[in-house]
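Printed here is coords-v1.cif (mmCIF, C-alpha atoms):
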```cif
data_query
loop_
_atom_site.label_atom_id
_atom_site.label_comp_id
_atom_site.auth_asym_id
_atom_site.auth_seq_id
_atom_site.Cartn_x
_atom_site.Cartn_y
_atom_site.Cartn_z
CA MET O 1 82.17 143.88 63.46
CA ALA O 2 82.05 142.95 59.77
CA TYR O 3 81.13 139.40 58.83
CA THR O 4 82.13 137.40 55.74
CA ARG O 5 80.01 136.37 52.80
CA LYS O 6 81.47 133.13 51.48
CA ASP O 7 81.61 131.49 48.08
CA VAL O 8 78.74 128.99 48.14
CA THR O 9 81.09 126.18 47.06
CA THR O 10 83.08 126.62 50.28
CA LEU O 11 80.16 126.24 52.70
CA THR O 12 80.41 123.32 55.08
CA SER O 13 77.49 120.90 55.38
CA SER O 14 76.55 122.61 58.64
CA GLU O 15 76.63 126.08 57.03
CA ARG O 16 74.44 124.86 54.19
CA ARG O 17 71.93 123.39 56.61
CA ARG O 18 71.79 126.52 58.76
CA PHE O 19 71.34 128.80 55.75
CA VAL O 20 68.49 126.66 54.40
CA ASN O 21 66.84 126.35 57.81
CA ALA O 22 66.94 130.12 58.34
CA LEU O 23 65.30 130.70 54.95
CA LEU O 24 62.60 128.14 55.72
CA THR O 25 61.96 129.79 59.08
CA LEU O 26 61.43 133.19 57.41
CA LYS O 27 59.09 131.55 54.93
CA ARG O 28 57.09 129.85 57.67
CA ARG O 29 56.74 133.14 59.55
CA GLY O 30 55.55 134.97 56.43
CA GLU O 31 58.57 137.28 56.45
CA TYR O 32 60.06 135.88 53.26
CA ASP O 33 56.98 136.71 51.20
CA GLU O 34 57.36 140.34 52.29
CA PHE O 35 60.66 140.42 50.40
CA VAL O 36 58.94 139.02 47.31
CA ARG O 37 56.22 141.65 47.51
CA LEU O 38 58.79 144.41 47.95
CA HIS O 39 60.73 143.41 44.85
CA ILE O 40 57.55 143.17 42.76
CA GLU O 41 56.53 146.66 43.94
CA TYR O 42 59.83 148.28 42.98
CA TYR O 43 60.36 146.42 39.72
CA VAL O 44 59.47 149.44 37.56
CA ALA O 45 60.46 149.33 33.88
CA ASP O 46 61.47 152.15 31.54
CA GLY O 47 58.06 152.21 29.90
CA GLU O 48 56.20 152.71 33.16
CA ARG O 49 55.65 156.00 34.91
CA GLY O 50 57.22 156.99 38.19
CA LEU O 51 60.48 156.40 39.99
CA ARG O 52 62.73 153.53 38.94
CA ALA O 53 64.60 152.49 42.06
CA ALA O 54 65.38 148.77 41.71
CA HIS O 55 65.93 148.20 37.99
CA MET O 56 66.85 149.95 34.75
CA ALA O 57 68.38 152.83 36.69
CA PRO O 58 71.61 153.83 38.47
CA SER O 59 70.24 152.75 41.84
CA PHE O 60 70.03 149.11 40.69
CA LEU O 61 73.22 148.28 42.61
CA PRO O 62 72.72 150.19 45.89
CA TRP O 63 69.03 149.23 46.03
CA HIS O 64 69.89 145.55 45.84
CA ARG O 65 72.79 146.00 48.26
CA GLN O 66 70.33 147.27 50.86
CA PHE O 67 67.80 144.58 49.90
CA LEU O 68 70.43 141.91 50.56
CA LEU O 69 71.31 143.51 53.88
CA GLU O 70 67.66 143.47 54.95
CA LEU O 71 67.36 139.76 54.12
CA GLU O 72 70.65 139.00 55.84
CA ARG O 73 69.54 140.80 58.99
CA ALA O 74 66.29 138.82 58.99
CA LEU O 75 68.24 135.56 58.61
CA GLN O 76 70.56 136.55 61.45
CA ARG O 77 67.61 137.17 63.75
CA VAL O 78 66.90 133.46 63.25
CA ASP O 79 70.53 132.32 63.37
CA PRO O 80 73.29 134.91 64.03
CA ALA O 81 75.88 132.76 62.27
CA VAL O 82 74.12 132.83 58.88
CA THR O 83 75.26 135.04 56.01
CA VAL O 84 74.24 135.09 52.35
CA PRO O 85 76.74 133.14 50.21
CA TYR O 86 77.53 134.16 46.65
CA TRP O 87 77.33 132.06 43.49
CA ASP O 88 80.12 132.75 41.00
CA TRP O 89 78.28 131.88 37.79
CA THR O 90 81.39 132.53 35.70
CA ARG O 91 82.94 129.42 37.27
CA ASP O 92 80.17 127.13 38.58
CA ARG O 93 78.22 126.85 35.36
CA GLY O 94 76.48 123.49 35.24
CA PRO O 95 72.91 122.50 36.21
CA THR O 96 74.25 119.87 38.63
CA SER O 97 77.04 121.90 40.26
CA VAL O 98 76.75 123.90 43.46
CA PRO O 99 74.31 125.48 44.36
CA TRP O 100 71.95 123.00 42.62
CA THR O 101 72.38 120.21 45.17
CA ARG O 102 69.80 118.36 47.27
CA ASP O 103 71.16 119.78 50.51
CA LEU O 104 71.15 123.37 49.30
CA LEU O 105 68.83 124.79 46.62
CA GLY O 106 67.71 121.61 44.91
CA GLY O 107 67.94 120.95 41.19
CA ASN O 108 66.27 121.74 37.90
CA GLY O 109 62.55 121.65 37.22
CA ARG O 110 60.99 118.57 35.63
CA ARG O 111 60.37 118.70 31.89
CA SER O 112 56.56 118.71 31.96
CA ASP O 113 55.91 121.84 34.04
CA ARG O 114 59.37 122.93 35.27
CA GLN O 115 58.41 122.15 38.87
CA VAL O 116 61.43 121.70 41.15
CA MET O 117 61.19 118.21 42.62
CA THR O 118 64.37 117.94 44.71
CA GLY O 119 65.82 119.77 47.69
CA PRO O 120 64.29 121.68 50.59
CA PHE O 121 62.40 124.17 48.38
CA ALA O 122 60.51 121.55 46.38
CA TYR O 123 56.73 121.98 46.67
CA ALA O 124 56.33 118.34 47.71
CA GLU O 125 58.37 119.03 50.85
CA GLY O 126 55.54 121.30 52.03
CA ASN O 127 57.76 124.20 53.09
CA TRP O 128 57.87 126.47 50.03
CA THR O 129 54.47 127.34 48.61
CA ILE O 130 54.58 130.32 46.24
CA ARG O 131 52.05 132.86 47.55
CA GLU O 132 53.29 136.13 46.04
CA ASN O 133 53.65 135.89 42.29
CA VAL O 134 52.81 137.41 38.93
CA THR O 135 51.15 134.10 37.94
CA ASP O 136 49.04 131.54 39.84
CA VAL O 137 51.74 128.84 40.03
CA ARG O 138 52.08 127.58 43.60
CA PHE O 139 55.35 125.66 43.21
CA LEU O 140 58.93 126.74 42.52
CA THR O 141 59.94 126.41 38.87
CA ARG O 142 63.29 126.34 37.07
CA ASP O 143 64.53 125.73 33.53
CA LEU O 144 68.30 125.71 33.99
CA GLY O 145 69.95 126.54 30.68
CA ARG O 146 66.57 126.73 28.87
CA ALA O 147 66.16 123.29 27.29
CA ARG O 148 64.13 124.45 24.27
CA ASP O 149 66.18 127.53 23.48
CA PRO O 150 69.54 127.04 25.22
CA ILE O 151 71.66 129.91 26.49
CA GLU O 152 74.96 129.97 28.36
CA LEU O 153 75.79 131.71 31.60
CA PRO O 154 77.95 134.84 31.36
CA THR O 155 81.70 134.29 31.14
CA LYS O 156 84.65 135.97 32.84
CA SER O 157 85.18 138.03 29.67
CA ASP O 158 81.56 139.24 29.85
CA VAL O 159 82.20 140.41 33.40
CA GLU O 160 85.50 142.03 32.45
CA TRP O 161 83.73 143.96 29.67
CA ALA O 162 81.63 145.59 32.38
CA LEU O 163 84.34 145.99 35.02
CA LYS O 164 86.73 147.87 32.75
CA ASP O 165 84.26 150.69 32.04
CA PRO O 166 85.32 153.55 34.36
CA ALA O 167 81.96 155.38 34.24
CA TYR O 168 79.43 154.16 36.81
CA ASP O 169 76.44 155.18 34.65
CA VAL O 170 75.59 157.67 31.91
CA PRO O 171 72.54 159.64 30.71
CA PRO O 172 69.72 158.92 30.11
CA TRP O 173 70.26 156.58 33.10
CA ASP O 174 68.02 153.76 31.81
CA SER O 175 68.06 150.39 30.02
CA THR O 176 69.08 151.90 26.68
CA VAL O 177 72.54 153.17 27.61
CA GLY O 178 75.43 151.43 25.89
CA LYS O 179 78.12 152.76 28.20
CA GLY O 180 78.62 152.69 31.95
CA PHE O 181 79.33 149.87 34.36
CA ARG O 182 75.82 149.74 35.86
CA ASN O 183 73.94 148.74 32.72
CA LYS O 184 76.74 146.57 31.39
CA LEU O 185 76.43 144.58 34.61
CA GLU O 186 72.64 144.77 34.90
CA GLY O 187 72.55 143.59 31.32
CA TRP O 188 69.99 145.39 29.18
CA GLY O 189 71.20 145.31 25.58
CA ALA O 190 70.08 146.05 22.05
CA GLY O 191 68.12 143.58 19.93
CA ARG O 192 65.79 140.80 20.97
CA GLY O 193 66.16 137.48 22.71
CA SER O 194 69.30 136.05 24.24
CA VAL O 195 71.71 138.45 22.50
CA SER O 196 70.16 141.33 24.44
CA TRP O 197 70.68 139.74 27.88
CA ARG O 198 74.07 140.30 29.45
CA ASN O 199 75.57 139.41 32.83
CA HIS O 200 72.93 139.84 35.59
CA ASN O 201 69.95 139.58 33.23
CA ARG O 202 71.35 136.54 31.44
CA VAL O 203 71.68 134.66 34.73
CA HIS O 204 68.01 135.26 35.50
CA ARG O 205 67.11 133.90 32.05
CA TRP O 206 69.46 130.93 32.39
CA VAL O 207 67.82 129.87 35.66
CA GLY O 208 64.39 130.49 34.14
CA GLY O 209 61.09 129.67 35.79
CA ALA O 210 60.45 131.81 38.84
CA MET O 211 63.65 133.78 38.28
CA VAL O 212 62.19 135.55 35.24
CA GLY O 213 60.38 138.76 36.20
CA GLY O 214 59.58 140.82 39.25
CA ALA O 215 58.76 137.83 41.47
CA SER O 216 62.24 136.31 41.01
CA VAL O 217 62.83 136.48 44.78
CA ASN O 218 60.62 133.37 45.05
CA ASP O 219 63.70 131.35 44.05
CA PRO O 220 66.29 131.53 46.86
CA VAL O 221 69.05 131.52 44.24
CA PHE O 222 68.10 135.18 43.74
CA TRP O 223 70.12 136.08 46.85
CA LEU O 224 73.21 134.09 45.86
CA HIS O 225 73.09 135.64 42.40
CA HIS O 226 72.77 139.18 43.72
CA ALA O 227 75.49 138.63 46.31
CA PHE O 228 77.85 137.92 43.40
CA VAL O 229 76.56 140.97 41.52
CA ASP O 230 77.27 143.00 44.67
CA LEU O 231 80.77 141.51 44.87
CA LEU O 232 81.38 142.61 41.27
CA TRP O 233 80.33 146.15 42.17
CA SER O 234 82.87 146.12 45.01
CA GLN O 235 85.53 144.95 42.53
CA TRP O 236 84.64 147.81 40.18
CA GLN O 237 84.89 150.25 43.09
CA ARG O 238 88.40 149.06 43.95
CA ARG O 239 89.50 149.23 40.32
CA HIS O 240 88.11 152.73 39.73
CA ARG O 241 88.60 154.48 43.06
CA GLU O 242 88.31 157.94 41.53
CA HIS O 243 84.83 157.19 40.13
CA ARG O 244 81.61 157.06 42.11
CA TYR O 245 77.87 156.55 41.81
CA LEU O 246 76.20 158.78 39.23
CA PRO O 247 74.22 160.94 38.90
CA ALA O 248 75.72 163.04 41.66
CA ARG O 249 72.77 165.45 41.47
CA PRO O 250 69.15 165.00 40.35
CA PRO O 251 68.44 165.52 36.63
CA GLY O 252 67.52 169.09 35.68
CA ARG O 253 64.03 170.52 35.66
CA ASN O 254 63.46 169.90 31.94
CA ASP O 255 65.14 166.49 31.89
CA PRO O 256 62.63 163.65 31.19
CA GLN O 257 64.45 161.56 33.80
CA ARG O 258 63.75 164.05 36.59
CA GLY O 259 61.84 162.26 39.33
CA ARG O 260 62.53 158.92 37.68
CA VAL O 261 66.10 158.24 38.87
CA LEU O 262 67.85 158.77 42.18
CA ALA O 263 70.93 160.91 42.68
CA ARG O 264 73.77 160.07 45.05
CA HIS O 265 72.31 161.72 48.14
CA GLU O 266 68.64 160.88 47.64
CA PRO O 267 67.09 158.13 49.82
CA LEU O 268 66.30 154.78 48.27
CA PRO O 269 62.69 153.79 48.88
CA PRO O 270 61.40 152.15 51.00
CA TRP O 271 64.47 152.77 53.21
CA ASN O 272 65.95 155.97 54.56
CA VAL O 273 69.40 155.27 53.13
CA THR O 274 71.17 156.85 50.15
CA PRO O 275 73.47 155.43 47.47
CA ASP O 276 76.24 157.52 49.03
CA GLN O 277 75.78 155.72 52.36
CA LEU O 278 75.90 152.32 50.69
CA GLU O 279 79.02 152.75 48.59
CA ASP O 280 81.22 151.37 51.39
CA HIS O 281 80.00 147.98 52.59
CA GLY O 282 83.11 147.31 54.68
CA ARG O 283 81.46 148.20 57.99
CA PHE O 284 78.85 145.48 57.36
CA TYR O 285 80.53 142.62 55.51
CA ARG O 286 83.46 141.51 53.40
CA TYR O 287 83.75 138.84 50.72
CA GLY O 288 85.72 135.67 51.27
#
```

Show how you would write the structure in this file as structure tokens.
Amino acid sequence: MAYTRKDVTTLTSSERRRFVNALLTLKRRGEYDEFVRLHIEYYVADGERGLRAAHMAPSFLPWHRQFLLELERALQRVDPAVTVPYWDWTRDRGPTSVPWTRDLLGGNGRRSDRQVMTGPFAYAEGNWTIRENVTDVRFLTRDLGRARDPIELPTKSDVEWALKDPAYDVPPWDSTVGKGFRNKLEGWGAGRGSVSWRNHNRVHRWVGGAMVGGASVNDPVFWLHHAFVDLLWSQWQRRHREHRYLPARPPGRNDPQRGRVLARHEPLPPWNVTPDQLEDHGRFYRYG
């Protein structure tokens, strides 16, 4: 029976507490750090060799859909009532709004070193030591809005710009494409700095700290952010019912993207599930 992923602003105090407690339980058991390691492993950029499964490729959306499902299943082994809420960053846009509250994710990092000092994931609470990282920082960091070089969260019009594109993705299936829903939502653009970050990518940069880079899973807001990204994919699917995940078949033998991107019926590593099997999430969950 399908369950419901709720808007984080609608969670009751009990639902907030149970979600946080389930995350802390996974962290205490060492399971949470496995998710961090997995994301680091599959964060492969255009300039690197090998398969790109999680980012800068068509499988960005189904890979993260399965990643969310794996985390949700782990949470539900702790507490069957827990689901991953979503954060609508087109609406809840301030550094003191939900989800940045003391009873949920805590607030911004302090000015000196960006260390998060409030909420259940603050290092001082003793429950959230960063063990898997691309740096040696042991505490959770944030820089909401980037104080020294401010940026804004994406707007509804930014999202609409992506949603109205009927093509799921286009060749060469990477971070350079200017058309296609996938990259318009993932958010790799031309130029340098903030103008090149759109939608999904801009949110990571707006949160800052641990959310920048392959180890972004260290900040629990990662899951709320990607639940909303997943919701947007489901909205695109409803709007463009005649269009599906692309490429439908692997790139040709002489195509430089052969072996670097996944076609519709190829399994997403490290799971034995294909983009085709993940296009319909209705048997697992719905969005409230």

Requested in this report: Any chance you could resolve the PyMOL selection byres ((chain O and resi 132) around 7) against this file and give the residues as a ChimeraX atom specification?
Outcome: /O:33,36-37,130-131,133

Query - Distance in Å - atom CA of Gln76 of chain O versus atom CA of Ala22 of chain O - result: 8.0 Å

Report task. Please check which residues have atoms at most 10 Å from (64.9, 154.1, 37.8) in the file's coordinates, counting only C-alpha atoms, and write them as a list in words. Result ->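 Neighbouring residues, ordered by chain and number, come to Tyr42, Tyr43, Val44, Ala45, Asp46, Glu48, Arg49, Gly50, Leu51, Arg52, Ala53, Ala54, His55, Met56, Ala57, Pro58, Ser59, Phe60, Trp173, Asp174, Ser175, Gln257, Gly259, Arg260, Val261 and Leu262 of chain O.
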
Requested in this report: Evaluate the PyMOL selection byres ((chain O and resi 137) around 12) on the structure here and hand back the selected residues as a ChimeraX atom specification.
Outcome: /O:113-115,123,128-136,138-141,209-210,215,218

Take the point (72.4, 136.8, 46.9) as written in the file and pick out every residue within 7 Å of it, counting all atoms listed in the file; give the list as a PDB file with C-alpha atoms, in the frame of the given file.
```
ATOM      1  CA  LEU O  68      70.430 141.910  50.560  1.00  0.00           C
ATOM      2  CA  VAL O  84      74.240 135.090  52.350  1.00  0.00           C
ATOM      3  CA  PRO O  85      76.740 133.140  50.210  1.00  0.00           C
ATOM      4  CA  TYR O  86      77.530 134.160  46.650  1.00  0.00           C
ATOM      5  CA  VAL O 221      69.050 131.520  44.240  1.00  0.00           C
ATOM      6  CA  PHE O 222      68.100 135.180  43.740  1.00  0.00           C
ATOM      7  CA  TRP O 223      70.120 136.080  46.850  1.00  0.00           C
ATOM      8  CA  LEU O 224      73.210 134.090  45.860  1.00  0.00           C
ATOM      9  CA  HIS O 225      73.090 135.640  42.400  1.00  0.00           C
ATOM     10  CA  HIS O 226      72.770 139.180  43.720  1.00  0.00           C
ATOM     11  CA  ALA O 227      75.490 138.630  46.310  1.00  0.00           C
ATOM     12  CA  PHE O 228      77.850 137.920  43.400  1.00  0.00           C
TER      13      PHE O 228
END
```

Once the PyMOL selection byres ((chain O and resi 152) around 12) is applied to the coordinates I shared, what remains selected? I want it as a tab-separated table (two decimals) with C-alpha atoms, in the coordinates of the input.
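After the write, selection_37.tsv holds the following:
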```tsv
chain	number	residue	atom	x	y	z
O	89	TRP	CA	78.28	131.88	37.79
O	90	THR	CA	81.39	132.53	35.70
O	91	ARG	CA	82.94	129.42	37.27
O	92	ASP	CA	80.17	127.13	38.58
O	93	ARG	CA	78.22	126.85	35.36
O	94	GLY	CA	76.48	123.49	35.24
O	95	PRO	CA	72.91	122.50	36.21
O	144	LEU	CA	68.30	125.71	33.99
O	145	GLY	CA	69.95	126.54	30.68
O	146	ARG	CA	66.57	126.73	28.87
O	147	ALA	CA	66.16	123.29	27.29
O	149	ASP	CA	66.18	127.53	23.48
O	150	PRO	CA	69.54	127.04	25.22
O	151	ILE	CA	71.66	129.91	26.49
O	153	LEU	CA	75.79	131.71	31.60
O	154	PRO	CA	77.95	134.84	31.36
O	155	THR	CA	81.70	134.29	31.14
O	158	ASP	CA	81.56	139.24	29.85
O	194	SER	CA	69.30	136.05	24.24
O	195	VAL	CA	71.71	138.45	22.50
O	197	TRP	CA	70.68	139.74	27.88
O	198	ARG	CA	74.07	140.30	29.45
O	199	ASN	CA	75.57	139.41	32.83
O	201	ASN	CA	69.95	139.58	33.23
O	202	ARG	CA	71.35	136.54	31.44
O	203	VAL	CA	71.68	134.66	34.73
O	204	HIS	CA	68.01	135.26	35.50
O	205	ARG	CA	67.11	133.90	32.05
O	206	TRP	CA	69.46	130.93	32.39
O	207	VAL	CA	67.82	129.87	35.66
```

Shell around Ala248 of chain O at 9 Å using all atoms listed in the file, local window under 5 positions removed, as a PDB file with C-alpha atoms, in the coordinates of the input:
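Final file, result32.pdb:
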```
ATOM      1  CA  LEU O 262      67.850 158.770  42.180  1.00  0.00           C
ATOM      2  CA  ALA O 263      70.930 160.910  42.680  1.00  0.00           C
ATOM      3  CA  ARG O 264      73.770 160.070  45.050  1.00  0.00           C
ATOM      4  CA  HIS O 265      72.310 161.720  48.140  1.00  0.00           C
TER       5      HIS O 265
END
```
